[in-house]
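Chemist: Just passing along the structure, written as structure tokens.
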Amino acid sequence: MKTEPSVFSLQDLKACPEQTAEWEGVRNYQARNFMRDGMKKGDAVLFYHSATKVPAIVGSAVVVREAYPDHSSWDPESKYFDAKSSPDNPRWVMVDLRYQQEFAEPLGLEELRKIPQLKEMMLLRRGMRLSIQPVTKREYEAVLRRAEVK
DNA sequence: GCCAACGTTGGC
DNA sequence: GCCAACGTTGGC
């Protein structure tokens with residue numbers, strides 16, 4: 001899962017009550033579908049910081065609640081408000097995420113590209129802007145192994 | 001701050 | 001339902 005740390009960082013997640021937060025604001029259908037159909041309770045999540053000096057995977061989190069309607073979508077006060085979404089007919093969903101760990105050092109894109117098992121990783125494909133992307137077990141484990149070495 | 005690569009919108 | 005115009009994302 002991608003996030004701009006200036007908006008919501010891994011440290012922000014860690015600072016939340018019970019280190020858990022609602023993942024509000026996903027407003028892309030493909031990302032929504034991945035979140036709705038692919039994310040199960042207990043699933044591990046790689047946490048990626050984008051639009052920063054060193055874009056990098058910085059740690060991990062875990063899904064503690066599966067997809068349910070994103071209430072910020074019908075909150076006129078929210079910056080994620082969508083007039084076409086309502087409690088009766090919610091268009092967007094969110095999951096709840098709990099902080100798991102912060103890597104000793106962030107794994108930047110350049111470094112990730114050097115890991116052979118990540119050759120096909122969606123994150124590393126050019127033009128990839130999706131904020132929610134499926135990660136294979138093999139990719140996940142390769143990232144964690146690399147993180148532990150550092 | 002540039003710009004490539006997407007996604008969305010709306011006229012037709 | 002096509003597609004040009006526009007908006008956004010995000011690495012560089």
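The way I read the labels, and the way they are meant: chains A, B, ... in the order of the structure tokens, residue 1 as the first residue of every chain, and ligand 1 as the first ligand shown, with later ones counted on from there.
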Show me, as a list in words, every residue of chain C with an atom at most 8 Å from chain A, counting only C-alpha atoms (C1' of nucleotides).

Modeler: DT9, DG10 and DG11 of chain C

Chemist: List every residue of range 28-94 of chain A that DSSP, applied to the backbone of this structure, assigns to strand (DSSP E or B), and report them as a list in words.

Modeler: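 DSSP on the backbone gives strand (DSSP E or B) at Ala44, Val45, Leu46, Phe47, Tyr48, His49, Ala56, Ile57, Val58, Gly59, Ser60, Ala61, Val62, Val63, Val64, Arg65, Glu66, Ala67, Tyr68, Pro69, Val93 and Met94 of chain A.
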
Chemist: Step one, run DSSP on the backbone; step two, keep only residues of chain A assigned to helix (DSSP H, G or I); then write them as an NGL selection string.

Modeler: :A and (10-15 or 17-19 or 29-38 or 71-74 or 109-112 or 116-118 or 122-124 or 137-149)

Chemist: Would you pick out the contacts of Glu111 in chain A at 12 Å or less, using only C-alpha atoms (C1' of nucleotides), so that residues sharing its chain but fewer than 3 positions from it are not included, and give the list as a PyMOL selection string?

Modeler: chain A and resi 54-57+105-108+114-116+118-119+124+143+146-147+150

Chemist: Would you kindly return, as a list in words, each protein, DNA or RNA residue with an atom no farther than 10 Å from any atom of Asp82 in chain A, considering only C-alpha atoms (C1' of nucleotides) and excluding same-chain residues fewer than 5 positions away?

Modeler: Gly25, Arg27, Ser72, Ser73, Trp74, Asp75, Pro76, Pro90, Arg91 and Trp92 of chain A

Chemist: Env of Glu66 in chain A: 10 Å cut, atoms = only C-alpha atoms (C1' of nucleotides), seq-sep filter 3 positions within chain, self excluded. Answer as a list in words.

Modeler: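 The filter keeps Met35, Arg36, Asp37, Gly38, Met39, Lys40, Lys41, Gly42, Asp43, Val63, Val93, Met94, Val95, Asp96 and Leu97 of chain A.
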
Chemist: Please produce an output containing all heavy atoms for each residue in the selection, written as a CSV table (one decimal), in the first residue's frame.

Modeler:
```
chain,number,residue,atom,x,y,z
A,35,MET,N,-8.5,-4.0,-2.9
A,35,MET,CA,-8.7,-3.9,-1.4
A,35,MET,C,-9.9,-4.8,-1.0
A,35,MET,O,-9.9,-5.5,0.0
A,35,MET,CB,-8.9,-2.5,-1.0
A,35,MET,CG,-8.9,-2.2,0.5
A,35,MET,SD,-8.6,-0.5,0.9
A,35,MET,CE,-9.9,0.4,0.0
A,36,ARG,N,-10.9,-4.7,-1.8
A,36,ARG,CA,-12.2,-5.4,-1.5
A,36,ARG,C,-12.1,-6.9,-1.6
A,36,ARG,O,-12.6,-7.6,-0.8
A,36,ARG,CB,-13.3,-4.8,-2.4
A,36,ARG,CG,-14.7,-5.3,-2.1
A,36,ARG,CD,-15.6,-4.9,-3.2
A,36,ARG,NE,-15.2,-5.4,-4.5
A,36,ARG,CZ,-15.6,-4.9,-5.7
A,36,ARG,NH1,-16.4,-3.9,-5.7
A,36,ARG,NH2,-15.1,-5.5,-6.8
A,37,ASP,N,-11.4,-7.3,-2.7
A,37,ASP,CA,-11.4,-8.7,-3.1
A,37,ASP,C,-10.2,-9.4,-2.6
A,37,ASP,O,-10.2,-10.7,-2.4
A,37,ASP,CB,-11.6,-8.9,-4.6
A,37,ASP,CG,-12.8,-8.1,-5.2
A,37,ASP,OD1,-13.8,-8.0,-4.4
A,37,ASP,OD2,-12.7,-7.7,-6.3
A,38,GLY,N,-9.1,-8.7,-2.4
A,38,GLY,CA,-7.9,-9.4,-2.2
A,38,GLY,C,-7.3,-9.3,-0.8
A,38,GLY,O,-6.5,-10.2,-0.4
A,39,MET,N,-7.8,-8.4,0.0
A,39,MET,CA,-7.2,-8.2,1.4
A,39,MET,C,-8.0,-8.9,2.4
A,39,MET,O,-9.2,-8.6,2.7
A,39,MET,CB,-7.0,-6.7,1.7
A,39,MET,CG,-6.1,-6.0,0.7
A,39,MET,SD,-5.8,-4.3,1.0
A,39,MET,CE,-4.7,-4.4,2.4
A,40,LYS,N,-7.4,-9.9,3.1
A,40,LYS,CA,-8.1,-10.7,4.1
A,40,LYS,C,-7.5,-10.3,5.5
A,40,LYS,O,-6.3,-10.0,5.6
A,40,LYS,CB,-7.9,-12.2,3.8
A,40,LYS,CG,-8.5,-12.6,2.5
A,40,LYS,CD,-10.0,-12.3,2.4
A,40,LYS,CE,-10.5,-12.5,1.0
A,40,LYS,NZ,-11.8,-11.8,0.8
A,41,LYS,N,-8.3,-10.5,6.5
A,41,LYS,CA,-7.9,-10.3,7.8
A,41,LYS,C,-6.6,-11.1,8.1
A,41,LYS,O,-6.6,-12.3,7.8
A,41,LYS,CB,-9.0,-10.7,8.8
A,41,LYS,CG,-8.7,-10.3,10.2
A,41,LYS,CD,-9.9,-10.5,11.1
A,41,LYS,CE,-9.6,-10.1,12.6
A,41,LYS,NZ,-10.8,-10.3,13.5
A,42,GLY,N,-5.6,-10.5,8.6
A,42,GLY,CA,-4.4,-11.2,8.9
A,42,GLY,C,-3.3,-11.1,7.8
A,42,GLY,O,-2.2,-11.4,8.0
A,43,ASP,N,-3.7,-10.6,6.7
A,43,ASP,CA,-2.8,-10.4,5.6
A,43,ASP,C,-1.7,-9.4,5.9
A,43,ASP,O,-2.0,-8.4,6.5
A,43,ASP,CB,-3.5,-10.0,4.3
A,43,ASP,CG,-4.2,-11.1,3.5
A,43,ASP,OD1,-4.0,-12.3,4.0
A,43,ASP,OD2,-4.9,-10.8,2.5
A,63,VAL,N,-3.6,-6.4,8.1
A,63,VAL,CA,-5.0,-6.1,7.9
A,63,VAL,C,-5.8,-6.7,9.1
A,63,VAL,O,-5.7,-7.9,9.4
A,63,VAL,CB,-5.6,-6.8,6.7
A,63,VAL,CG1,-7.1,-6.6,6.5
A,63,VAL,CG2,-4.9,-6.3,5.4
A,93,VAL,N,-14.6,1.6,-0.4
A,93,VAL,CA,-14.4,0.8,0.8
A,93,VAL,C,-13.1,1.2,1.4
A,93,VAL,O,-12.2,1.8,0.8
A,93,VAL,CB,-14.5,-0.7,0.5
A,93,VAL,CG1,-15.8,-1.1,-0.1
A,93,VAL,CG2,-13.3,-1.1,-0.4
A,94,MET,N,-12.9,0.8,2.7
A,94,MET,CA,-11.7,0.9,3.4
A,94,MET,C,-11.4,-0.4,4.2
A,94,MET,O,-12.3,-1.2,4.4
A,94,MET,CB,-11.7,2.1,4.3
A,94,MET,CG,-12.9,2.1,5.3
A,94,MET,SD,-12.6,3.3,6.7
A,94,MET,CE,-13.4,4.7,6.2
A,95,VAL,N,-10.2,-0.6,4.6
A,95,VAL,CA,-9.8,-1.6,5.5
A,95,VAL,C,-9.2,-1.0,6.7
A,95,VAL,O,-8.9,0.2,6.7
A,95,VAL,CB,-8.8,-2.6,4.9
A,95,VAL,CG1,-9.4,-3.4,3.7
A,95,VAL,CG2,-7.5,-1.9,4.5
A,96,ASP,N,-9.1,-1.7,7.8
A,96,ASP,CA,-8.4,-1.2,9.0
A,96,ASP,C,-7.0,-1.9,9.0
A,96,ASP,O,-6.9,-3.1,8.7
A,96,ASP,CB,-9.1,-1.6,10.3
A,96,ASP,CG,-10.3,-0.7,10.5
A,96,ASP,OD1,-10.6,0.2,9.6
A,96,ASP,OD2,-11.1,-0.9,11.5
A,97,LEU,N,-6.0,-1.2,9.3
A,97,LEU,CA,-4.6,-1.6,9.2
A,97,LEU,C,-4.0,-1.4,10.6
A,97,LEU,O,-4.1,-0.3,11.2
A,97,LEU,CB,-3.9,-0.7,8.2
A,97,LEU,CG,-3.1,-1.4,7.1
A,97,LEU,CD1,-4.0,-2.4,6.4
A,97,LEU,CD2,-2.5,-0.4,6.2
```
